[in-house]
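A.B. asks: input27.pdb is reproduced in full below (PDB, C-alpha atoms, pLDDT in the B column).
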```pdb
ATOM      1  CA  MET A   1       3.354 -22.567  -2.911  1.00 40.00           C
ATOM      2  CA  LEU A   2       2.682 -20.080  -5.694  1.00 41.00           C
ATOM      3  CA  HIS A   3       1.446 -22.886  -7.955  1.00 43.00           C
ATOM      4  CA  ALA A   4      -0.999 -23.935  -5.234  1.00 41.00           C
ATOM      5  CA  LEU A   5      -2.192 -20.352  -4.827  1.00 41.00           C
ATOM      6  CA  LYS A   6      -2.744 -20.044  -8.573  1.00 41.00           C
ATOM      7  CA  GLN A   7      -4.762 -23.265  -8.521  1.00 41.00           C
ATOM      8  CA  LEU A   8      -6.816 -21.899  -5.634  1.00 42.00           C
ATOM      9  CA  PHE A   9      -7.375 -18.340  -6.807  1.00 44.00           C
ATOM     10  CA  GLY A  10      -7.556 -18.672 -10.582  1.00 48.00           C
ATOM     11  CA  LYS A  11      -5.547 -18.333 -13.742  1.00 50.00           C
ATOM     12  CA  ALA A  12      -2.614 -15.975 -13.987  1.00 55.00           C
ATOM     13  CA  ALA A  13      -3.091 -12.912 -16.163  1.00 56.00           C
ATOM     14  CA  PRO A  14      -1.207 -12.766 -19.475  1.00 57.00           C
ATOM     15  CA  PRO A  15       1.558 -10.178 -20.051  1.00 61.00           C
ATOM     16  CA  LEU A  16       0.402  -6.744 -21.148  1.00 65.00           C
ATOM     17  CA  PRO A  17       1.016  -5.500 -24.688  1.00 66.00           C
ATOM     18  CA  ALA A  18       2.063  -1.928 -25.464  1.00 83.00           C
ATOM     19  CA  ILE A  19      -0.228   0.566 -23.745  1.00 93.00           C
ATOM     20  CA  ALA A  20      -1.761   3.386 -25.767  1.00 94.00           C
ATOM     21  CA  PRO A  21      -1.666   6.951 -24.375  1.00 94.00           C
ATOM     22  CA  ALA A  22      -5.461   6.992 -24.187  1.00 96.00           C
ATOM     23  CA  GLN A  23      -5.449   3.927 -21.951  1.00 96.00           C
ATOM     24  CA  TRP A  24      -2.842   5.436 -19.634  1.00 96.00           C
ATOM     25  CA  ALA A  25      -4.989   8.574 -19.424  1.00 96.00           C
ATOM     26  CA  ARG A  26      -8.121   6.546 -18.663  1.00 96.00           C
ATOM     27  CA  VAL A  27      -6.442   4.575 -15.883  1.00 96.00           C
ATOM     28  CA  GLU A  28      -4.663   7.566 -14.353  1.00 97.00           C
ATOM     29  CA  ALA A  29      -7.894   9.579 -14.302  1.00 95.00           C
ATOM     30  CA  GLY A  30      -8.868   7.398 -11.352  1.00 94.00           C
ATOM     31  CA  LEU A  31      -5.586   8.206  -9.571  1.00 95.00           C
ATOM     32  CA  PRO A  32      -5.617  12.009  -9.269  1.00 95.00           C
ATOM     33  CA  PHE A  33      -2.840  11.994  -6.671  1.00 95.00           C
ATOM     34  CA  LEU A  34      -0.395  11.166  -9.471  1.00 96.00           C
ATOM     35  CA  ASP A  35      -0.769  14.770 -10.619  1.00 94.00           C
ATOM     36  CA  TYR A  36       1.959  15.895  -8.229  1.00 94.00           C
ATOM     37  CA  LEU A  37       4.520  14.040 -10.326  1.00 96.00           C
ATOM     38  CA  ALA A  38       6.558  15.940 -12.877  1.00 95.00           C
ATOM     39  CA  ALA A  39       6.175  14.736 -16.469  1.00 94.00           C
ATOM     40  CA  ALA A  40       9.487  12.864 -16.439  1.00 96.00           C
ATOM     41  CA  ASP A  41       8.608  11.115 -13.166  1.00 97.00           C
ATOM     42  CA  ARG A  42       5.189  10.165 -14.504  1.00 96.00           C
ATOM     43  CA  SER A  43       6.863   8.564 -17.495  1.00 96.00           C
ATOM     44  CA  ARG A  44       9.260   6.667 -15.201  1.00 97.00           C
ATOM     45  CA  LEU A  45       6.327   5.469 -13.112  1.00 98.00           C
ATOM     46  CA  ARG A  46       4.599   4.057 -16.177  1.00 97.00           C
ATOM     47  CA  GLU A  47       7.725   2.195 -17.232  1.00 95.00           C
ATOM     48  CA  MET A  48       8.206   0.827 -13.731  1.00 96.00           C
ATOM     49  CA  ALA A  49       4.567  -0.281 -13.560  1.00 97.00           C
ATOM     50  CA  LEU A  50       4.966  -2.331 -16.738  1.00 96.00           C
ATOM     51  CA  LYS A  51       8.134  -3.947 -15.391  1.00 95.00           C
ATOM     52  CA  PHE A  52       6.366  -4.684 -12.109  1.00 96.00           C
ATOM     53  CA  ILE A  53       3.485  -6.361 -13.943  1.00 95.00           C
ATOM     54  CA  ALA A  54       5.953  -8.500 -15.898  1.00 94.00           C
ATOM     55  CA  GLN A  55       7.920  -9.503 -12.783  1.00 94.00           C
ATOM     56  CA  LYS A  56       4.968 -10.625 -10.675  1.00 95.00           C
ATOM     57  CA  GLU A  57       2.460 -13.453 -10.961  1.00 94.00           C
ATOM     58  CA  TRP A  58      -1.075 -12.033 -11.143  1.00 95.00           C
ATOM     59  CA  SER A  59      -4.266 -13.883 -10.275  1.00 93.00           C
ATOM     60  CA  GLY A  60      -7.915 -12.924  -9.989  1.00 92.00           C
ATOM     61  CA  ALA A  61      -9.806 -14.408  -7.051  1.00 87.00           C
ATOM     62  CA  GLN A  62     -13.480 -15.330  -6.692  1.00 81.00           C
ATOM     63  CA  GLY A  63     -14.145 -15.114 -10.404  1.00 87.00           C
ATOM     64  CA  LEU A  64     -12.599 -11.693 -10.950  1.00 91.00           C
ATOM     65  CA  THR A  65     -11.254 -11.221 -14.467  1.00 91.00           C
ATOM     66  CA  LEU A  66      -8.095  -9.144 -14.392  1.00 93.00           C
ATOM     67  CA  THR A  67      -8.382  -6.519 -17.096  1.00 94.00           C
ATOM     68  CA  GLN A  68      -5.467  -4.450 -18.330  1.00 94.00           C
ATOM     69  CA  ASP A  69      -6.930  -1.393 -16.616  1.00 95.00           C
ATOM     70  CA  ILE A  70      -7.055  -3.162 -13.250  1.00 95.00           C
ATOM     71  CA  GLN A  71      -3.461  -4.345 -13.548  1.00 96.00           C
ATOM     72  CA  LEU A  72      -2.225  -0.938 -14.640  1.00 96.00           C
ATOM     73  CA  SER A  73      -4.026   0.861 -11.825  1.00 96.00           C
ATOM     74  CA  ILE A  74      -2.703  -1.497  -9.151  1.00 97.00           C
ATOM     75  CA  ALA A  75       0.816  -1.449 -10.598  1.00 97.00           C
ATOM     76  CA  LEU A  76       0.950   2.352 -10.772  1.00 98.00           C
ATOM     77  CA  GLN A  77      -0.107   2.613  -7.138  1.00 97.00           C
ATOM     78  CA  ALA A  78       2.246  -0.166  -6.021  1.00 98.00           C
ATOM     79  CA  CYS A  79       5.205   1.429  -7.798  1.00 98.00           C
ATOM     80  CA  LEU A  80       4.555   4.985  -6.619  1.00 98.00           C
ATOM     81  CA  PRO A  81       6.157   4.434  -3.173  1.00 98.00           C
ATOM     82  CA  VAL A  82       9.268   2.877  -4.735  1.00 98.00           C
ATOM     83  CA  LEU A  83       9.566   5.243  -7.685  1.00 98.00           C
ATOM     84  CA  ASN A  84      12.895   6.521  -6.340  1.00 98.00           C
ATOM     85  CA  LEU A  85      13.803   3.343  -4.457  1.00 98.00           C
ATOM     86  CA  GLY A  86      13.613   0.766  -7.250  1.00 97.00           C
ATOM     87  CA  LEU A  87      11.661  -2.430  -7.836  1.00 97.00           C
ATOM     88  CA  ASP A  88      14.241  -4.393  -5.873  1.00 96.00           C
ATOM     89  CA  SER A  89      12.353  -3.100  -2.832  1.00 97.00           C
ATOM     90  CA  TYR A  90       9.702  -5.690  -3.729  1.00 97.00           C
ATOM     91  CA  ARG A  91      12.131  -8.583  -3.947  1.00 93.00           C
ATOM     92  CA  GLY A  92      11.596 -12.015  -2.450  1.00 92.00           C
ATOM     93  CA  TRP A  93       7.974 -12.622  -3.434  1.00 94.00           C
ATOM     94  CA  VAL A  94       5.997 -12.859  -6.675  1.00 92.00           C
ATOM     95  CA  GLY A  95       2.231 -13.107  -6.181  1.00 95.00           C
ATOM     96  CA  VAL A  96      -0.436 -10.404  -6.536  1.00 96.00           C
ATOM     97  CA  ILE A  97      -3.960 -11.712  -5.931  1.00 93.00           C
ATOM     98  CA  VAL A  98      -6.889  -9.410  -6.636  1.00 95.00           C
ATOM     99  CA  TYR A  99     -10.363  -9.825  -5.141  1.00 92.00           C
ATOM    100  CA  PRO A 100     -13.626  -8.236  -6.308  1.00 88.00           C
ATOM    101  CA  GLY A 101     -14.136  -6.153  -3.161  1.00 62.00           C
ATOM    102  CA  ASP A 102     -13.640  -7.098   0.478  1.00 57.00           C
ATOM    103  CA  PHE A 103     -12.882 -10.731   1.272  1.00 46.00           C
ATOM    104  CA  VAL A 104     -12.796 -13.016   4.284  1.00 48.00           C
ATOM    105  CA  ILE A 105      -9.715 -14.583   5.869  1.00 51.00           C
ATOM    106  CA  GLN A 106     -10.087 -17.273   8.514  1.00 53.00           C
ATOM    107  CA  ARG A 107      -8.055 -16.486  11.635  1.00 44.00           C
ATOM    108  CA  ARG A 108      -6.869 -18.609  14.549  1.00 53.00           C
ATOM    109  CA  LEU A 109      -5.739 -16.795  17.677  1.00 56.00           C
ATOM    110  CA  MET A 110      -4.697 -18.210  21.030  1.00 51.00           C
ATOM    111  CA  SER A 111      -5.688 -16.238  24.098  1.00 54.00           C
ATOM    112  CA  GLU A 112      -3.438 -15.765  27.124  1.00 63.00           C
ATOM    113  CA  ASP A 113      -5.180 -18.675  28.847  1.00 65.00           C
ATOM    114  CA  GLY A 114      -4.367 -21.014  25.937  1.00 58.00           C
ATOM    115  CA  VAL A 115      -7.819 -21.095  24.326  1.00 54.00           C
ATOM    116  CA  VAL A 116      -7.785 -21.076  20.513  1.00 52.00           C
ATOM    117  CA  HIS A 117     -10.368 -18.803  18.921  1.00 49.00           C
ATOM    118  CA  GLU A 118     -11.347 -19.151  15.267  1.00 54.00           C
ATOM    119  CA  PHE A 119     -13.137 -16.363  13.453  1.00 42.00           C
ATOM    120  CA  ASP A 120     -13.710 -14.844  10.020  1.00 44.00           C
ATOM    121  CA  ASP A 121     -11.962 -11.528   9.402  1.00 45.00           C
ATOM    122  CA  ASN A 122     -13.414  -9.287   6.688  1.00 52.00           C
ATOM    123  CA  VAL A 123     -10.521  -7.401   5.087  1.00 51.00           C
ATOM    124  CA  ALA A 124      -9.711  -5.270   2.045  1.00 60.00           C
ATOM    125  CA  GLY A 125      -6.112  -6.387   1.749  1.00 73.00           C
ATOM    126  CA  GLU A 126      -3.356  -8.471   3.265  1.00 81.00           C
ATOM    127  CA  ALA A 127       0.398  -8.650   2.765  1.00 83.00           C
ATOM    128  CA  TRP A 128       2.041 -11.936   3.671  1.00 80.00           C
ATOM    129  CA  GLU A 129       5.631 -11.950   4.851  1.00 87.00           C
ATOM    130  CA  GLY A 130       7.578 -13.710   2.093  1.00 89.00           C
ATOM    131  CA  GLY A 131       4.322 -14.381   0.254  1.00 89.00           C
ATOM    132  CA  PRO A 132       1.821 -12.660  -1.999  1.00 92.00           C
ATOM    133  CA  VAL A 133      -0.047  -9.396  -1.656  1.00 94.00           C
ATOM    134  CA  LEU A 134      -3.837  -9.712  -1.580  1.00 93.00           C
ATOM    135  CA  VAL A 135      -5.810  -6.610  -2.526  1.00 93.00           C
ATOM    136  CA  SER A 136      -9.422  -5.720  -3.187  1.00 91.00           C
ATOM    137  CA  TRP A 137     -10.500  -4.063  -6.393  1.00 92.00           C
ATOM    138  CA  PHE A 138     -13.358  -1.558  -6.223  1.00 83.00           C
ATOM    139  CA  ASP A 139     -14.990  -0.441  -9.445  1.00 77.00           C
ATOM    140  CA  LYS A 140     -16.235   2.699  -7.677  1.00 69.00           C
ATOM    141  CA  ALA A 141     -13.827   4.758  -5.594  1.00 64.00           C
ATOM    142  CA  GLU A 142     -16.478   5.440  -2.954  1.00 60.00           C
ATOM    143  CA  ASP A 143     -16.737   1.700  -2.254  1.00 57.00           C
ATOM    144  CA  ALA A 144     -13.179   1.770  -0.912  1.00 54.00           C
ATOM    145  CA  ASP A 145     -14.367   3.943   1.996  1.00 63.00           C
ATOM    146  CA  GLY A 146     -11.448   6.344   1.729  1.00 70.00           C
ATOM    147  CA  MET A 147      -8.775   3.638   1.811  1.00 82.00           C
ATOM    148  CA  ASN A 148      -5.949   3.180  -0.633  1.00 93.00           C
ATOM    149  CA  VAL A 149      -5.555  -0.528  -0.075  1.00 95.00           C
ATOM    150  CA  VAL A 150      -2.750  -0.871  -2.636  1.00 96.00           C
ATOM    151  CA  ILE A 151      -0.413   1.742  -1.156  1.00 97.00           C
ATOM    152  CA  HIS A 152      -1.311   0.435   2.308  1.00 96.00           C
ATOM    153  CA  GLU A 153      -0.399  -3.184   1.617  1.00 96.00           C
ATOM    154  CA  PHE A 154       2.729  -2.348  -0.325  1.00 97.00           C
ATOM    155  CA  ALA A 155       3.874  -0.116   2.538  1.00 98.00           C
ATOM    156  CA  HIS A 156       3.582  -3.244   4.686  1.00 97.00           C
ATOM    157  CA  LYS A 157       5.798  -5.056   2.175  1.00 97.00           C
ATOM    158  CA  LEU A 158       8.463  -2.377   2.616  1.00 98.00           C
ATOM    159  CA  ASP A 159       8.080  -2.671   6.388  1.00 98.00           C
ATOM    160  CA  MET A 160       8.660  -6.436   6.070  1.00 96.00           C
ATOM    161  CA  LEU A 161      12.064  -6.019   4.447  1.00 96.00           C
ATOM    162  CA  ASN A 162      13.666  -6.208   7.896  1.00 95.00           C
ATOM    163  CA  GLY A 163      11.281  -8.652   9.563  1.00 94.00           C
ATOM    164  CA  PRO A 164       7.658  -8.742  10.736  1.00 95.00           C
ATOM    165  CA  PRO A 165       5.896  -5.386  10.230  1.00 96.00           C
ATOM    166  CA  ASP A 166       6.435  -3.060  13.158  1.00 97.00           C
ATOM    167  CA  GLY A 167       6.267   0.414  11.639  1.00 98.00           C
ATOM    168  CA  LEU A 168      10.022   0.716  11.296  1.00 98.00           C
ATOM    169  CA  PRO A 169      11.193  -0.314   7.804  1.00 98.00           C
ATOM    170  CA  PRO A 170      14.888  -0.500   6.927  1.00 97.00           C
ATOM    171  CA  LEU A 171      16.103   3.085   6.744  1.00 98.00           C
ATOM    172  CA  HIS A 172      18.397   4.505   4.089  1.00 97.00           C
ATOM    173  CA  GLU A 173      21.898   5.771   4.606  1.00 96.00           C
ATOM    174  CA  GLY A 174      21.715   9.191   6.209  1.00 96.00           C
ATOM    175  CA  MET A 175      18.486   8.400   8.045  1.00 98.00           C
ATOM    176  CA  HIS A 176      18.557   7.676  11.771  1.00 97.00           C
ATOM    177  CA  ARG A 177      16.518   5.172  13.732  1.00 98.00           C
ATOM    178  CA  GLN A 178      16.141   7.498  16.704  1.00 98.00           C
ATOM    179  CA  ALA A 179      14.890  10.345  14.526  1.00 98.00           C
ATOM    180  CA  TRP A 180      12.274   7.990  13.069  1.00 98.00           C
ATOM    181  CA  ILE A 181      11.180   6.871  16.546  1.00 98.00           C
ATOM    182  CA  ASP A 182      11.122  10.468  17.822  1.00 98.00           C
ATOM    183  CA  ALA A 183       8.765  11.371  14.978  1.00 98.00           C
ATOM    184  CA  PHE A 184       6.503   8.330  14.857  1.00 98.00           C
ATOM    185  CA  GLU A 185       6.152   7.310  18.494  1.00 98.00           C
ATOM    186  CA  PRO A 186       4.595  10.534  19.853  1.00 98.00           C
ATOM    187  CA  ALA A 187       2.467  10.917  16.723  1.00 98.00           C
ATOM    188  CA  TYR A 188       1.135   7.382  17.112  1.00 98.00           C
ATOM    189  CA  LEU A 189       0.376   7.867  20.807  1.00 98.00           C
ATOM    190  CA  ASP A 190      -1.330  11.171  20.087  1.00 98.00           C
ATOM    191  CA  PHE A 191      -3.410   9.616  17.336  1.00 98.00           C
ATOM    192  CA  CYS A 192      -4.423   6.688  19.554  1.00 98.00           C
ATOM    193  CA  ASN A 193      -5.518   9.132  22.255  1.00 98.00           C
ATOM    194  CA  ARG A 194      -7.575  11.070  19.734  1.00 98.00           C
ATOM    195  CA  VAL A 195      -9.274   7.910  18.493  1.00 98.00           C
ATOM    196  CA  ASP A 196      -9.896   6.658  22.031  1.00 98.00           C
ATOM    197  CA  ALA A 197     -11.457  10.022  22.888  1.00 98.00           C
ATOM    198  CA  GLY A 198     -13.977   9.531  20.112  1.00 97.00           C
ATOM    199  CA  GLU A 199     -12.608  12.178  17.773  1.00 97.00           C
ATOM    200  CA  ASP A 200     -13.758  11.893  14.176  1.00 97.00           C
ATOM    201  CA  THR A 201     -10.240  11.937  12.760  1.00 97.00           C
ATOM    202  CA  THR A 202      -9.587  12.846   9.145  1.00 96.00           C
ATOM    203  CA  ILE A 203      -6.900  10.152   9.035  1.00 97.00           C
ATOM    204  CA  ASP A 204      -8.355   6.627   9.063  1.00 96.00           C
ATOM    205  CA  PRO A 205      -8.730   5.530  12.721  1.00 97.00           C
ATOM    206  CA  TYR A 206      -7.441   2.093  11.697  1.00 95.00           C
ATOM    207  CA  ALA A 207      -3.995   3.679  12.021  1.00 97.00           C
ATOM    208  CA  ALA A 208      -4.419   3.358  15.798  1.00 98.00           C
ATOM    209  CA  GLU A 209      -4.509  -0.459  15.636  1.00 96.00           C
ATOM    210  CA  HIS A 210      -0.722  -0.947  15.676  1.00 97.00           C
ATOM    211  CA  PRO A 211       2.461   1.007  14.835  1.00 98.00           C
ATOM    212  CA  ALA A 212       2.695  -1.015  11.592  1.00 97.00           C
ATOM    213  CA  GLU A 213      -0.797   0.129  10.630  1.00 97.00           C
ATOM    214  CA  PHE A 214       0.089   3.706  11.538  1.00 98.00           C
ATOM    215  CA  PHE A 215       3.017   3.546   9.129  1.00 98.00           C
ATOM    216  CA  ALA A 216       0.864   2.023   6.369  1.00 98.00           C
ATOM    217  CA  VAL A 217      -2.033   4.450   6.817  1.00 98.00           C
ATOM    218  CA  THR A 218       0.206   7.509   7.030  1.00 98.00           C
ATOM    219  CA  SER A 219       1.906   6.276   3.866  1.00 98.00           C
ATOM    220  CA  GLU A 220      -1.498   6.303   2.182  1.00 97.00           C
ATOM    221  CA  VAL A 221      -2.115   9.852   3.369  1.00 98.00           C
ATOM    222  CA  TYR A 222       1.407  10.921   2.429  1.00 98.00           C
ATOM    223  CA  PHE A 223       0.818  10.074  -1.215  1.00 97.00           C
ATOM    224  CA  GLU A 224      -2.877  10.880  -1.512  1.00 96.00           C
ATOM    225  CA  VAL A 225      -3.395  13.903   0.769  1.00 96.00           C
ATOM    226  CA  PRO A 226       0.138  15.040   1.654  1.00 96.00           C
ATOM    227  CA  ALA A 227      -0.905  18.475   2.923  1.00 95.00           C
ATOM    228  CA  LEU A 228      -3.109  16.803   5.544  1.00 96.00           C
ATOM    229  CA  LEU A 229      -0.282  14.686   6.937  1.00 97.00           C
ATOM    230  CA  HIS A 230       2.119  17.641   6.820  1.00 97.00           C
ATOM    231  CA  ALA A 231      -0.365  19.722   8.833  1.00 97.00           C
ATOM    232  CA  GLU A 232      -1.181  17.089  11.443  1.00 97.00           C
ATOM    233  CA  TYR A 233       2.168  15.335  11.912  1.00 98.00           C
ATOM    234  CA  PRO A 234       4.941  17.304  10.201  1.00 98.00           C
ATOM    235  CA  ALA A 235       7.742  15.240  11.772  1.00 98.00           C
ATOM    236  CA  VAL A 236       6.177  12.044  10.386  1.00 98.00           C
ATOM    237  CA  TYR A 237       5.858  13.698   6.999  1.00 98.00           C
ATOM    238  CA  GLU A 238       9.550  14.616   7.063  1.00 98.00           C
ATOM    239  CA  GLN A 239      10.626  11.059   7.882  1.00 98.00           C
ATOM    240  CA  LEU A 240       8.445   9.689   5.082  1.00 98.00           C
ATOM    241  CA  ARG A 241       9.886  12.306   2.732  1.00 98.00           C
ATOM    242  CA  GLN A 242      13.362  10.992   3.487  1.00 98.00           C
ATOM    243  CA  PHE A 243      12.255   7.364   3.327  1.00 98.00           C
ATOM    244  CA  TYR A 244      10.332   7.530   0.047  1.00 98.00           C
ATOM    245  CA  ARG A 245      12.681  10.143  -1.429  1.00 98.00           C
ATOM    246  CA  GLN A 246       9.713  12.099  -2.730  1.00 97.00           C
ATOM    247  CA  ASP A 247       7.943  15.285  -1.641  1.00 96.00           C
ATOM    248  CA  PRO A 248       4.319  15.073  -2.805  1.00 95.00           C
ATOM    249  CA  ALA A 249       3.209  18.183  -0.900  1.00 89.00           C
ATOM    250  CA  THR A 250       5.682  20.295  -2.846  1.00 84.00           C
ATOM    251  CA  GLY A 251       4.668  18.560  -6.068  1.00 72.00           C
ATOM    252  CA  LEU A 252       0.994  19.274  -5.499  1.00 67.00           C
ATOM    253  CA  ALA A 253       1.737  22.902  -4.707  1.00 62.00           C
ATOM    254  CA  ARG A 254       3.720  23.143  -7.926  1.00 63.00           C
TER
END
```
As a first step, turn the structure in this file into structure tokens.
C.D. replies:
Amino acid sequence: MLHALKQLFGKAAPPLPAIAPAQWARVEAGLPFLDYLAAADRSRLREMALKFIAQKEWSGAQGLTLTQDIQLSIALQACLPVLNLGLDSYRGWVGVIVYPGDFVIQRRLMSEDGVVHEFDDNVAGEAWEGGPVLVSWFDKAEDADGMNVVIHEFAHKLDMLNGPPDGLPPLHEGMHRQAWIDAFEPAYLDFCNRVDAGEDTTIDPYAAEHPAEFFAVTSEVYFEVPALLHAEYPAVYEQLRQFYRQDPATGLAR
């Protein structure tokens, strides 16, 4: 299957050579949320990103040429959620396919009355259960419209470790399913009500689409704007703190 995908989407990128400090600095300048990491953790993240690049099969879609900077940026963001969990969290699949901006996926859905509807879905990313991760690359941050598509899709991959994404990934020892539900369920319902009421929410309203999307979007916010999530849904923040074994709000304050 991977061979077919590579034939469809383009050539795989070659392994990266040693990365100079100036290149790390250039790439990380576009990821200011990494500043909450202590120096030792930042170094570990870089090492993990290089291992991640080596472990996965990378392809550029629709004519996109994968540069070292693109690979490094995506890998740093993909590895941030698993910095204290390990790369084994991304086991069971190998493909990372990068598009030059949003892309279209053809969908087929059957309605309750048995009618099949086909339509084109314009997306910025997609994680396939047991398959590759598809992400958009935006040269300008403003083109991403406030999304962090990489953290979002890789949060879905973590959610898929125990089956189809449902917003409840496999929890670590010492965490409790009921505590997770008690935090996420009322927060999700509250957020859906706010979106339905027409509120211009600071958190991406796409989080109201499904509990799995709420988990992925709040994961984005947790790493990028942790103080916002802590202020709006502190119980969700606490569960994510236990799950990711990181505390970005404290790191940013430091």
A.B. asks: Return the single residue from A:Leu161, A:Ala249, A:Ala127, A:Leu66 that is closest to Leu37 in chain A, with distances computed using all atoms listed in the file.
C.D. replies: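 Among A:Leu161, A:Ala249, A:Ala127, A:Leu66, it is A:Ala249 that comes nearest to Leu37 in chain A.
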A.B. asks: Run through the PyMOL selection byres ((chain A and resi 50) around 10) on the given coordinates and return the selected residues as an NGL selection string.
C.D. replies: :A and (15-19 or 45-49 or 51-55 or 71-72 or 75-76 or 79)
A.B. asks: My list of candidates is A:Ser136, A:Leu80, A:Val236, A:Ile74. Which is closest to Val98 in chain A when distances are computed with all atoms listed in the file?
C.D. replies: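 So, comparing all the options, the nearest one is A:Ser136.
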A.B. asks: Kindly give the distance, in Å, that separates CA of Gly95 in chain A and CA of Lys56 in chain A, rounded to a single decimal.
C.D. replies: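 Those two atoms sit 5.8 Å apart.
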A.B. asks: If we count all atoms listed in the file, what is near Gln246 in chain A at a cut-off of 9 Å, once residues fewer than 5 positions away on the same chain are taken out, given as a ChimeraX atom specification?
C.D. replies: /A:81,83-84,240-241,251
A.B. asks: Give me a file of those residues, with C-alpha atoms, as a PDB file, in the coordinates of the input.
C.D. replies:
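Once written, again_5.pdb looks like this:
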```pdb
ATOM      1  CA  PRO A  81       6.157   4.434  -3.173  1.00 98.00           C
ATOM      2  CA  LEU A  83       9.566   5.243  -7.685  1.00 98.00           C
ATOM      3  CA  ASN A  84      12.895   6.521  -6.340  1.00 98.00           C
ATOM      4  CA  LEU A 240       8.445   9.689   5.082  1.00 98.00           C
ATOM      5  CA  ARG A 241       9.886  12.306   2.732  1.00 98.00           C
ATOM      6  CA  GLY A 251       4.668  18.560  -6.068  1.00 72.00           C
TER       7      GLY A 251
END
```
A.B. asks: Measuring atom to atom with all atoms listed in the file, identify which of A:Pro205, A:Gly131, A:Gly86, A:Gly92 is nearest to Gly146 in chain A.
C.D. replies: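 That would be A:Pro205, the residue with the smallest distance to Gly146 in chain A.
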A.B. asks: Write out as a tab-separated table (two decimals) with C-alpha atoms, in the coordinates of the input each polymer residue whose atoms come within 8 Å of Leu85 in chain A, counting all atoms listed in the file; drop sequence neighbours fewer than 4 positions from it.
C.D. replies:
```
chain	number	residue	atom	x	y	z
A	81	PRO	CA	6.16	4.43	-3.17
A	89	SER	CA	12.35	-3.10	-2.83
A	244	TYR	CA	10.33	7.53	0.05
A	245	ARG	CA	12.68	10.14	-1.43
```
A.B. asks: Quick one: distance from CA of Glu57 in chain A to CA of Val94 in chain A in Å, one decimal?
C.D. replies: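 These atoms are spaced 5.6 Å apart.
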A.B. asks: Distance CA of His152 in chain A-CA of Ala197 in chain A, one decimal place?
C.D. replies: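 So the answer is 24.9 Å.
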A.B. asks: Can you work out which one of A:Ile97, A:Leu31, A:Ala38, A:Leu87 has the shortest atom-to-atom distance to Gly63 in chain A, counting all atoms listed in the file?
C.D. replies: A:Ile97
A.B. asks: Just the residues within 10 Å of range 224-234 of chain A, please, counting all atoms listed in the file, with nothing from its chain fewer than 6 positions along; format it as a PyMOL selection string.
C.D. replies: chain A and resi 31-34+36+147-148+151+183-184+186-188+190-191+202-203+218+240+247-253
A.B. asks: Between A:Tyr222, A:Trp58, A:Phe138, A:Phe243, which one has atoms that come closest to Trp180 in chain A, using all atoms listed in the file?
C.D. replies: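 With all atoms listed in the file as the atom set, the closest residue is A:Phe243.
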